[in-house]
Amino acid sequence: MELQLEKLNLPSDNERPFVIAGPCSAETEEQVMTTALELASKGCHNFRAGVWKPRTKPGGFEGNGEKALPWMKRVKDETGMLITTEVATPEHVELALKYGMDVLWIGARTTANPFAMQALADALKGVDIPVFVKNPVNPDIELWIGALERLNMAGIKRLGAIHRGFSSFDKKIYRNLPMWQIPIELRRRIPNMPIICDPSHIGGRRDLIAPLCQQAMDLGFDGLIVESHCDPDKAWSDAAQQVTPDVLDYILSLLVIRDENTTTEGITQLRKQIDELDNDLMQLLAKRMRVCREIGQYKKEHNMTVLQAQRYNEILDKRGAQGALCGMDSDFVKAIFEAVHEESVRQQMEIINK
């Protein structure tokens with residue numbers, strides 16, 4: 001379905017990057033106000049803080065709940081910033097609206113649950129408020145789009161997406177793998193959907209926030225949602241990924257914002273070269289598949305299995321090493337040849353089973 005979207009109409013959303021900042025959790029009234037006042041002095045227009053904070057495992061600080069909402073309202077009254085928090089249940093929605101929340105966001109675990117998303121959509125029916133939806137914990141773009149569609153069908157037209165990365169058992173540099181190709185595909189499918197990046201949750205470490213912010217800008221993201229705390233080392237949740245308002249201001253001051261739309265004769269000519277090379281690739285792939293079908297016929301005539309594991313491993317290892325020598329990531333090259341092999345097997349299976 002085609003989403004019916006309207007402009008967010010939030011302060012600074014005509015700028016790039018559009019920035020939402022504030023602590024992971026609203027811990028105390030003093031902590032909330034100190035952080036908010038520091039951010040407001042840096043020109044921040046949009047303040048965030050988690051009021052309900054269910055953790056992966058029980059036992060940690062899980063938020064102050066309704067107790068923290070008057071602190072958020074005080075931020076709005078005294079600084080003029082808009083206030084936003086995460087909601088996960090219809091009761092959260094009701095309380096957030098009662099205390100004048102200007103913007104809502106929906107977390108990754110909630111996005112992954114269609115039952116929860118429908119309950120939130122029902123609770124928001126008839127309410128005109130901007131809502132941001134984080135990607136689900138697993139890399140499933142259909143689930144992400146489905147969550148956005150449920151809200152849109154309930155009448156929420158001021159929608160935005162938050163890219164916070166994807167959970168993985170195999171932890172490497174990042175807390176959550178960026179997998180940039182997924183938000184890029186979301187942008188391709190819904191071009192007028194604002195997408196902002198959450199470098200705090202992708203990185204999980206404050207030293208990764210600056211490069212992730214820049215990467216998001218280089219990819220044409222509309223904005224950022226960054227966790228900022230007046231005393232990050234003493235934060236009650238996710239201390240390692242929060243920065244002070246001063247550090248955040250410095251990070252933002254260094255960002256290079258590239259033009260998204262300007263095209264020149266030079267880049268037009270380079271894109272023509274890309275198109276020609278892509279055409280060559282398609283011709284080569286078609287030729288490769290013709291040879292694969294001939295191999296499939298040979299295997300059928302000689303009663304051989306389609307999958308030859310030793311040959312498959314040989315291709316992956318050889319092409320991965322060759323790719324590295326050509327300046328490409330070996331895992332990238334292997335992924336390409338895994339996809340090519342999958343299609344080769346499919347075509348050979350068709351021949352063998354005729």
# chains A, B, ... in the order shown; residues from 1 in each chain; ligands from 1
call {"tool": "residues_around", "arguments": {"residues": "Lys67 of chain A", "least_positions_apart": "6", "cutoff": "12 Å", "atoms": "only C-alpha atoms", "output": "list in words"}}
result
Ala26, Glu27, Thr28, Glu29, Gly50, Val51, Trp52, Lys73, Leu95, Ala96 and Tyr99 of chain A
call {"tool": "residues_around", "arguments": {"residues": "His229 of chain A", "least_positions_apart": "2", "cutoff": "10 Å", "atoms": "only C-alpha atoms", "output": "PyMOL selection string"}}
result
chain A and resi 21-26+31-32+34-36+38-39+49+226-227+231-235+239+241-246+248
call {"tool": "write_last_selection", "arguments": {"atoms": "N, CA, C and O atoms", "output": "compact mmCIF listing (two decimals), in the first residue's frame"}}
result
# COMPACT_ATOMS: atom_id res chain seq x y z
N ALA A 21 17.68 15.01 20.94
CA ALA A 21 18.73 14.64 21.89
C ALA A 21 18.20 14.65 23.32
O ALA A 21 17.26 15.37 23.66
N GLY A 22 18.85 13.85 24.15
CA GLY A 22 18.48 13.77 25.56
C GLY A 22 18.94 12.45 26.13
O GLY A 22 19.44 11.58 25.41
N PRO A 23 18.77 12.25 27.42
CA PRO A 23 19.29 11.04 28.06
C PRO A 23 18.51 9.79 27.70
O PRO A 23 17.35 9.85 27.31
N CYS A 24 19.18 8.66 27.85
CA CYS A 24 18.52 7.37 27.64
C CYS A 24 17.29 7.28 28.54
O CYS A 24 16.21 6.93 28.07
N SER A 25 17.46 7.61 29.81
CA SER A 25 16.36 7.49 30.78
C SER A 25 16.17 8.80 31.54
O SER A 25 17.13 9.50 31.84
N ALA A 26 14.91 9.08 31.86
CA ALA A 26 14.60 10.17 32.78
C ALA A 26 14.78 9.63 34.20
O ALA A 26 13.92 8.93 34.73
N GLN A 31 18.39 15.63 37.03
CA GLN A 31 19.14 15.15 35.86
C GLN A 31 18.46 15.55 34.56
O GLN A 31 19.10 15.98 33.59
N VAL A 32 17.14 15.42 34.49
CA VAL A 32 16.39 15.78 33.29
C VAL A 32 16.54 17.26 32.99
O VAL A 32 16.85 17.67 31.86
N THR A 34 18.78 19.50 34.15
CA THR A 34 20.16 19.92 33.88
C THR A 34 20.54 19.61 32.44
O THR A 34 21.09 20.46 31.72
N THR A 35 20.23 18.40 32.01
CA THR A 35 20.55 18.00 30.63
C THR A 35 19.77 18.84 29.64
O THR A 35 20.32 19.32 28.63
N ALA A 36 18.49 19.05 29.91
CA ALA A 36 17.64 19.81 28.98
C ALA A 36 18.12 21.25 28.84
O ALA A 36 18.19 21.78 27.72
N GLU A 38 21.13 22.41 29.32
CA GLU A 38 22.40 22.42 28.59
C GLU A 38 22.17 22.23 27.09
O GLU A 38 22.79 22.92 26.26
N LEU A 39 21.27 21.31 26.73
CA LEU A 39 20.98 21.09 25.32
C LEU A 39 20.30 22.30 24.69
O LEU A 39 20.62 22.69 23.56
N ALA A 49 13.76 11.52 26.24
CA ALA A 49 14.15 10.77 27.44
C ALA A 49 13.21 9.58 27.58
O ALA A 49 12.01 9.69 27.32
N VAL A 226 20.13 11.19 19.30
CA VAL A 226 21.37 10.88 20.01
C VAL A 226 21.14 10.97 21.51
O VAL A 226 20.50 11.91 22.00
N GLU A 227 21.68 10.00 22.24
CA GLU A 227 21.54 10.00 23.69
C GLU A 227 22.61 10.92 24.30
O GLU A 227 23.81 10.73 24.10
N ASP A 231 25.81 13.82 32.87
CA ASP A 231 26.94 13.12 33.50
C ASP A 231 26.90 11.66 33.04
O ASP A 231 26.50 10.77 33.79
N PRO A 232 27.31 11.38 31.80
CA PRO A 232 27.11 10.06 31.20
C PRO A 232 27.65 8.89 32.00
O PRO A 232 27.02 7.84 32.06
N ASP A 233 28.81 9.06 32.62
CA ASP A 233 29.42 7.95 33.34
C ASP A 233 28.58 7.48 34.52
O ASP A 233 28.73 6.36 35.00
N LYS A 234 27.69 8.35 35.00
CA LYS A 234 26.84 7.99 36.13
C LYS A 234 25.40 7.67 35.70
O LYS A 234 24.51 7.58 36.54
N ALA A 235 25.18 7.53 34.40
CA ALA A 235 23.84 7.24 33.90
C ALA A 235 23.33 5.89 34.43
O ALA A 235 24.10 4.95 34.61
N ALA A 239 25.11 3.75 29.96
CA ALA A 239 26.08 4.82 30.23
C ALA A 239 27.13 4.93 29.13
O ALA A 239 27.54 6.04 28.75
N GLN A 241 27.12 4.63 26.00
CA GLN A 241 26.79 5.18 24.68
C GLN A 241 26.26 6.61 24.74
O GLN A 241 25.81 7.14 23.72
N GLN A 242 26.34 7.24 25.89
CA GLN A 242 25.83 8.61 26.02
C GLN A 242 26.97 9.62 26.06
O GLN A 242 28.07 9.32 26.53
N VAL A 243 26.70 10.82 25.53
CA VAL A 243 27.69 11.90 25.52
C VAL A 243 27.10 13.12 26.20
O VAL A 243 25.88 13.27 26.29
N THR A 244 27.96 14.01 26.65
CA THR A 244 27.49 15.25 27.25
C THR A 244 26.94 16.17 26.16
O THR A 244 27.30 16.04 24.98
N PRO A 245 26.11 17.15 26.52
CA PRO A 245 25.65 18.12 25.53
C PRO A 245 26.81 18.87 24.85
O PRO A 245 26.74 19.16 23.66
N ASP A 246 27.88 19.14 25.59
CA ASP A 246 29.04 19.80 24.99
C ASP A 246 29.67 18.94 23.90
O ASP A 246 30.01 19.43 22.82
N LEU A 248 28.22 16.48 22.25
CA LEU A 248 27.27 16.37 21.14
C LEU A 248 27.35 17.61 20.25
O LEU A 248 27.37 17.51 19.01
call {"tool": "closest_residue", "arguments": {"among": "A:Lys125, A:Arg187, A:Arg150, A:Lys53", "to": "Gln4 of chain A", "atoms": "only C-alpha atoms"}}
result
A:Arg150
call {"tool": "residues_around", "arguments": {"residues": "Gly43 of chain A", "least_positions_apart": "6", "cutoff": "12 Å", "atoms": "only C-alpha atoms", "output": "JSON, numbers by chain"}}
result
{"A": [11, 12, 18, 19, 20, 21, 36, 37, 79, 80, 81, 245, 246, 248, 249, 252, 253]}
call {"tool": "write_last_selection", "arguments": {"atoms": "N, CA, C and O atoms", "output": "short mmCIF file (atom, residue, chain, number, x, y, z; two decimals), in the first residue's frame"}}
result
data_model
loop_
_atom_site.label_atom_id
_atom_site.label_comp_id
_atom_site.auth_asym_id
_atom_site.auth_seq_id
_atom_site.Cartn_x
_atom_site.Cartn_y
_atom_site.Cartn_z
N PRO A 11 10.12 21.88 14.73
CA PRO A 11 11.18 22.88 14.62
C PRO A 11 12.49 22.22 14.18
O PRO A 11 12.86 21.17 14.68
N SER A 12 13.12 22.83 13.21
CA SER A 12 14.42 22.39 12.66
C SER A 12 14.31 21.24 11.68
O SER A 12 15.32 20.77 11.19
N PHE A 18 18.24 17.08 11.19
CA PHE A 18 17.23 17.28 12.21
C PHE A 18 17.68 16.48 13.43
O PHE A 18 18.02 15.30 13.30
N VAL A 19 17.74 17.10 14.62
CA VAL A 19 18.35 16.43 15.78
C VAL A 19 17.36 16.34 16.95
O VAL A 19 16.72 17.32 17.32
N ILE A 20 17.26 15.13 17.50
CA ILE A 20 16.55 14.88 18.77
C ILE A 20 17.61 14.41 19.75
O ILE A 20 18.39 13.50 19.45
N ALA A 21 17.68 15.01 20.94
CA ALA A 21 18.73 14.64 21.89
C ALA A 21 18.20 14.65 23.32
O ALA A 21 17.26 15.37 23.66
N ALA A 36 18.49 19.05 29.91
CA ALA A 36 17.64 19.81 28.98
C ALA A 36 18.12 21.25 28.84
O ALA A 36 18.19 21.78 27.72
N LEU A 37 18.46 21.87 29.94
CA LEU A 37 18.92 23.26 29.89
C LEU A 37 20.24 23.38 29.12
O LEU A 37 20.46 24.34 28.36
N THR A 79 11.96 25.47 28.62
CA THR A 79 12.95 25.62 27.54
C THR A 79 12.32 25.87 26.18
O THR A 79 13.00 26.37 25.27
N GLY A 80 11.04 25.52 26.04
CA GLY A 80 10.40 25.66 24.74
C GLY A 80 10.70 24.51 23.79
O GLY A 80 10.18 24.47 22.66
N MET A 81 11.54 23.55 24.23
CA MET A 81 11.81 22.39 23.39
C MET A 81 10.59 21.49 23.31
O MET A 81 9.80 21.42 24.26
N PRO A 245 26.11 17.15 26.52
CA PRO A 245 25.65 18.12 25.53
C PRO A 245 26.81 18.87 24.85
O PRO A 245 26.74 19.16 23.66
N ASP A 246 27.88 19.14 25.59
CA ASP A 246 29.04 19.80 24.99
C ASP A 246 29.67 18.94 23.90
O ASP A 246 30.01 19.43 22.82
N LEU A 248 28.22 16.48 22.25
CA LEU A 248 27.27 16.37 21.14
C LEU A 248 27.35 17.61 20.25
O LEU A 248 27.37 17.51 19.01
N ASP A 249 27.40 18.78 20.86
CA ASP A 249 27.50 20.02 20.09
C ASP A 249 28.76 20.03 19.23
O ASP A 249 28.74 20.45 18.06
N LEU A 252 28.31 17.61 16.26
CA LEU A 252 27.44 18.17 15.23
C LEU A 252 28.15 19.29 14.46
O LEU A 252 27.93 19.45 13.26
N SER A 253 29.02 20.04 15.15
CA SER A 253 29.73 21.14 14.49
C SER A 253 30.71 20.65 13.44
O SER A 253 31.06 21.39 12.51
#
call {"tool": "closest_residue", "arguments": {"among": "A:Leu255, A:Ile173, A:Ile274, A:Val131", "to": "Leu104 of chain A", "atoms": "only C-alpha atoms"}}
result
A:Val131
call {"tool": "select_by_dssp", "arguments": {"residues": "segment 22-217 of chain A", "states": "alpha helix (DSSP H)", "output": "MDAnalysis selection string"}}
result
chainID A and resid 29:41 69:79 90:98 108:111 114:124 141:153 181:189 199:203 209:217
call {"tool": "residues_around", "arguments": {"residues": "segment 310-316 of chain A", "least_positions_apart": "6", "cutoff": "10 Å", "atoms": "only C-alpha atoms", "output": "JSON, numbers by chain"}}
result
{"A": [322, 330, 331, 333, 334, 335, 336, 337, 338, 341]}
call {"tool": "write_last_selection", "arguments": {"atoms": "N, CA and C atoms", "output": "CSV table (one decimal), in the first residue's frame"}}
result
chain,number,residue,atom,x,y,z
A,322,GLN,N,40.4,-13.4,-4.5
A,322,GLN,CA,40.6,-12.6,-5.7
A,322,GLN,C,40.0,-11.2,-5.5
A,330,SER,N,36.4,-9.3,1.0
A,330,SER,CA,36.2,-10.7,0.6
A,330,SER,C,34.8,-11.2,1.0
A,331,ASP,N,34.3,-10.7,2.1
A,331,ASP,CA,32.9,-11.2,2.5
A,331,ASP,C,31.9,-10.7,1.5
A,333,VAL,N,32.4,-10.2,-1.7
A,333,VAL,CA,32.5,-11.0,-2.9
A,333,VAL,C,31.9,-12.4,-2.7
A,334,LYS,N,32.2,-13.0,-1.5
A,334,LYS,CA,31.6,-14.3,-1.2
A,334,LYS,C,30.1,-14.2,-1.2
A,335,ALA,N,29.5,-13.1,-0.7
A,335,ALA,CA,28.0,-13.0,-0.7
A,335,ALA,C,27.5,-12.9,-2.1
A,336,ILE,N,28.2,-12.3,-3.0
A,336,ILE,CA,27.8,-12.2,-4.4
A,336,ILE,C,27.7,-13.6,-5.0
A,337,PHE,N,28.8,-14.3,-4.8
A,337,PHE,CA,28.9,-15.7,-5.4
A,337,PHE,C,28.0,-16.7,-4.7
A,338,GLU,N,27.7,-16.5,-3.4
A,338,GLU,CA,26.7,-17.3,-2.8
A,338,GLU,C,25.3,-17.1,-3.5
A,341,HIS,N,25.5,-18.7,-7.0
A,341,HIS,CA,25.4,-20.2,-6.8
A,341,HIS,C,24.0,-20.6,-6.5
call {"tool": "atom_distance", "arguments": {"atom1": "atom CA of Ile145 of chain A", "atom2": "atom CA of Phe221 of chain A"}}
result
17.2 Å
call {"tool": "closest_residue", "arguments": {"among": "A:Met217, A:Ile225, A:Ile162, A:Ile83", "to": "Ile257 of chain A", "atoms": "only C-alpha atoms"}}
result
A:Met217
call {"tool": "select_by_dssp", "arguments": {"residues": "segment 130-244 of chain A", "states": "strand (DSSP E or B)", "output": "ChimeraX atom specification"}}
result
/A:131-134,159-163,166,177,195-197,223-228,243
call {"tool": "write_last_selection", "arguments": {"atoms": "C-alpha atoms", "output": "CSV table (one decimal), in the first residue's frame"}}
result
chain,number,residue,atom,x,y,z
A,131,VAL,CA,5.4,9.2,15.4
A,132,PHE,CA,8.8,7.7,14.7
A,133,VAL,CA,9.2,4.0,14.3
A,134,LYS,CA,12.4,2.2,15.0
A,159,LEU,CA,5.5,9.5,10.3
A,160,GLY,CA,9.2,9.0,10.5
A,161,ALA,CA,11.6,6.0,10.7
A,162,ILE,CA,14.5,5.6,13.1
A,163,HIS,CA,17.4,3.3,12.0
A,166,PHE,CA,20.0,-4.9,14.1
A,177,LEU,CA,24.9,-4.0,13.1
A,195,ILE,CA,14.6,8.6,8.2
A,196,ILE,CA,16.8,9.5,11.1
A,197,CYS,CA,19.8,7.6,12.5
A,223,GLY,CA,18.5,13.6,11.0
A,224,LEU,CA,19.8,12.0,14.2
A,225,ILE,CA,18.5,10.9,17.6
A,226,VAL,CA,21.4,10.9,20.0
A,227,GLU,CA,21.5,10.0,23.7
A,228,SER,CA,23.0,12.9,25.7
A,243,VAL,CA,27.7,11.9,25.5
call {"tool": "closest_residue", "arguments": {"among": "A:Ala112, A:Val291, A:Leu148, A:Leu97", "to": "Ser344 of chain A", "atoms": "only C-alpha atoms"}}
result
A:Val291
call {"tool": "atom_distance", "arguments": {"atom1": "atom CA of Trp105 of chain A", "atom2": "atom CA of Val87 of chain A"}}
result
6.4 Å
call {"tool": "closest_residue", "arguments": {"among": "A:Met349, A:Arg158, A:Phe115, A:Gly65", "to": "Leu307 of chain A", "atoms": "only C-alpha atoms"}}
result
A:Met349
call {"tool": "closest_residue", "arguments": {"among": "A:Asp207, A:Glu2, A:Asp122, A:Asp128", "to": "Met101 of chain A", "atoms": "only C-alpha atoms"}}
result
A:Asp128
call {"tool": "atom_distance", "arguments": {"atom1": "atom CA of Val103 of chain A", "atom2": "atom CA of Pro130 of chain A"}}
result
5.2 Å
call {"tool": "residues_around", "arguments": {"residues": "Gln181 of chain A", "least_positions_apart": "5", "cutoff": "12 Å", "atoms": "only C-alpha atoms", "output": "CSV table (one decimal) with all heavy atoms, in the first residue's frame"}}
result
chain,number,residue,atom,x,y,z
A,139,PRO,N,16.6,-8.0,11.0
A,139,PRO,CA,16.6,-7.3,9.8
A,139,PRO,C,15.5,-7.7,8.8
A,139,PRO,O,15.7,-8.4,7.9
A,139,PRO,CB,18.0,-7.6,9.2
A,139,PRO,CG,18.4,-8.9,9.8
A,139,PRO,CD,17.7,-8.9,11.1
A,140,ASP,N,14.3,-7.2,9.1
A,140,ASP,CA,13.1,-7.5,8.3
A,140,ASP,C,12.4,-6.3,7.9
A,140,ASP,O,11.7,-5.6,8.7
A,140,ASP,CB,12.2,-8.4,9.2
A,140,ASP,CG,11.0,-9.0,8.4
A,140,ASP,OD1,10.7,-8.4,7.4
A,140,ASP,OD2,10.4,-9.9,8.9
A,141,ILE,N,12.7,-5.9,6.7
A,141,ILE,CA,12.1,-4.6,6.2
A,141,ILE,C,10.6,-4.6,6.1
A,141,ILE,O,9.9,-3.6,6.3
A,141,ILE,CB,12.8,-4.1,4.9
A,141,ILE,CG1,12.4,-2.7,4.5
A,141,ILE,CG2,12.4,-5.1,3.7
A,141,ILE,CD1,13.2,-2.1,3.4
A,163,HIS,N,16.5,4.5,12.3
A,163,HIS,CA,17.4,3.3,12.0
A,163,HIS,C,18.3,3.2,13.2
A,163,HIS,O,19.2,4.1,13.5
A,163,HIS,CB,18.3,3.6,10.8
A,163,HIS,CG,19.3,2.5,10.5
A,163,HIS,ND1,19.0,1.2,10.5
A,163,HIS,CD2,20.6,2.7,10.3
A,163,HIS,CE1,20.2,0.5,10.3
A,163,HIS,NE2,21.1,1.4,10.1
A,165,GLY,N,19.9,0.0,13.9
A,165,GLY,CA,20.7,-1.1,13.7
A,165,GLY,C,20.0,-2.4,14.1
A,165,GLY,O,18.9,-2.4,14.6
A,166,PHE,N,20.6,-3.6,13.9
A,166,PHE,CA,20.0,-4.9,14.1
A,166,PHE,C,20.8,-5.7,15.0
A,166,PHE,O,22.0,-5.8,14.9
A,166,PHE,CB,19.8,-5.5,12.7
A,166,PHE,CG,19.0,-4.7,11.8
A,166,PHE,CD1,19.6,-3.8,10.9
A,166,PHE,CD2,17.6,-4.8,11.8
A,166,PHE,CE1,18.8,-3.0,10.1
A,166,PHE,CE2,16.8,-4.0,11.0
A,166,PHE,CZ,17.4,-3.1,10.1
A,186,LEU,N,14.4,1.0,2.4
A,186,LEU,CA,13.2,1.7,2.9
A,186,LEU,C,13.1,3.1,2.2
A,186,LEU,O,12.0,3.4,1.8
A,186,LEU,CB,13.3,1.9,4.4
A,186,LEU,CG,12.1,2.6,5.1
A,186,LEU,CD1,10.9,1.7,5.0
A,186,LEU,CD2,12.4,3.0,6.5
A,187,ARG,N,14.2,3.8,2.0
A,187,ARG,CA,14.1,5.1,1.3
A,187,ARG,C,13.7,4.9,-0.1
A,187,ARG,O,12.9,5.7,-0.7
A,187,ARG,CB,15.5,5.7,1.4
A,187,ARG,CG,15.7,7.0,0.6
A,187,ARG,CD,14.8,8.1,0.9
A,187,ARG,NE,14.7,8.5,2.2
A,187,ARG,CZ,15.5,9.3,2.9
A,187,ARG,NH1,16.6,9.8,2.2
A,187,ARG,NH2,15.3,9.7,4.1
A,188,ARG,N,14.2,3.8,-0.7
A,188,ARG,CA,13.8,3.5,-2.1
A,188,ARG,C,12.3,3.3,-2.3
A,188,ARG,O,11.6,3.7,-3.2
A,188,ARG,CB,14.6,2.3,-2.7
A,188,ARG,CG,14.4,2.1,-4.2
A,188,ARG,CD,15.0,0.8,-4.6
A,188,ARG,NE,14.3,-0.4,-4.1
A,188,ARG,CZ,13.1,-0.9,-4.7
A,188,ARG,NH1,12.6,-0.3,-5.7
A,188,ARG,NH2,12.6,-1.9,-4.1
A,216,ALA,N,25.8,8.5,8.4
A,216,ALA,CA,24.3,8.7,8.2
A,216,ALA,C,24.1,9.9,7.3
A,216,ALA,O,23.3,9.9,6.4
A,216,ALA,CB,23.6,8.9,9.5
A,219,LEU,N,25.0,9.2,3.7
A,219,LEU,CA,24.0,8.3,3.1
A,219,LEU,C,22.7,9.1,2.8
A,219,LEU,O,21.7,8.5,2.3
A,219,LEU,CB,23.8,7.1,3.9
A,219,LEU,CG,24.9,6.1,3.9
A,219,LEU,CD1,24.7,5.0,4.9
A,219,LEU,CD2,25.1,5.5,2.5
call {"tool": "residues_around", "arguments": {"residues": "Phe61 of chain A", "least_positions_apart": "6", "cutoff": "8 Å", "atoms": "only C-alpha atoms", "output": "ChimeraX atom specification"}}
result
/A:53,55,236-237
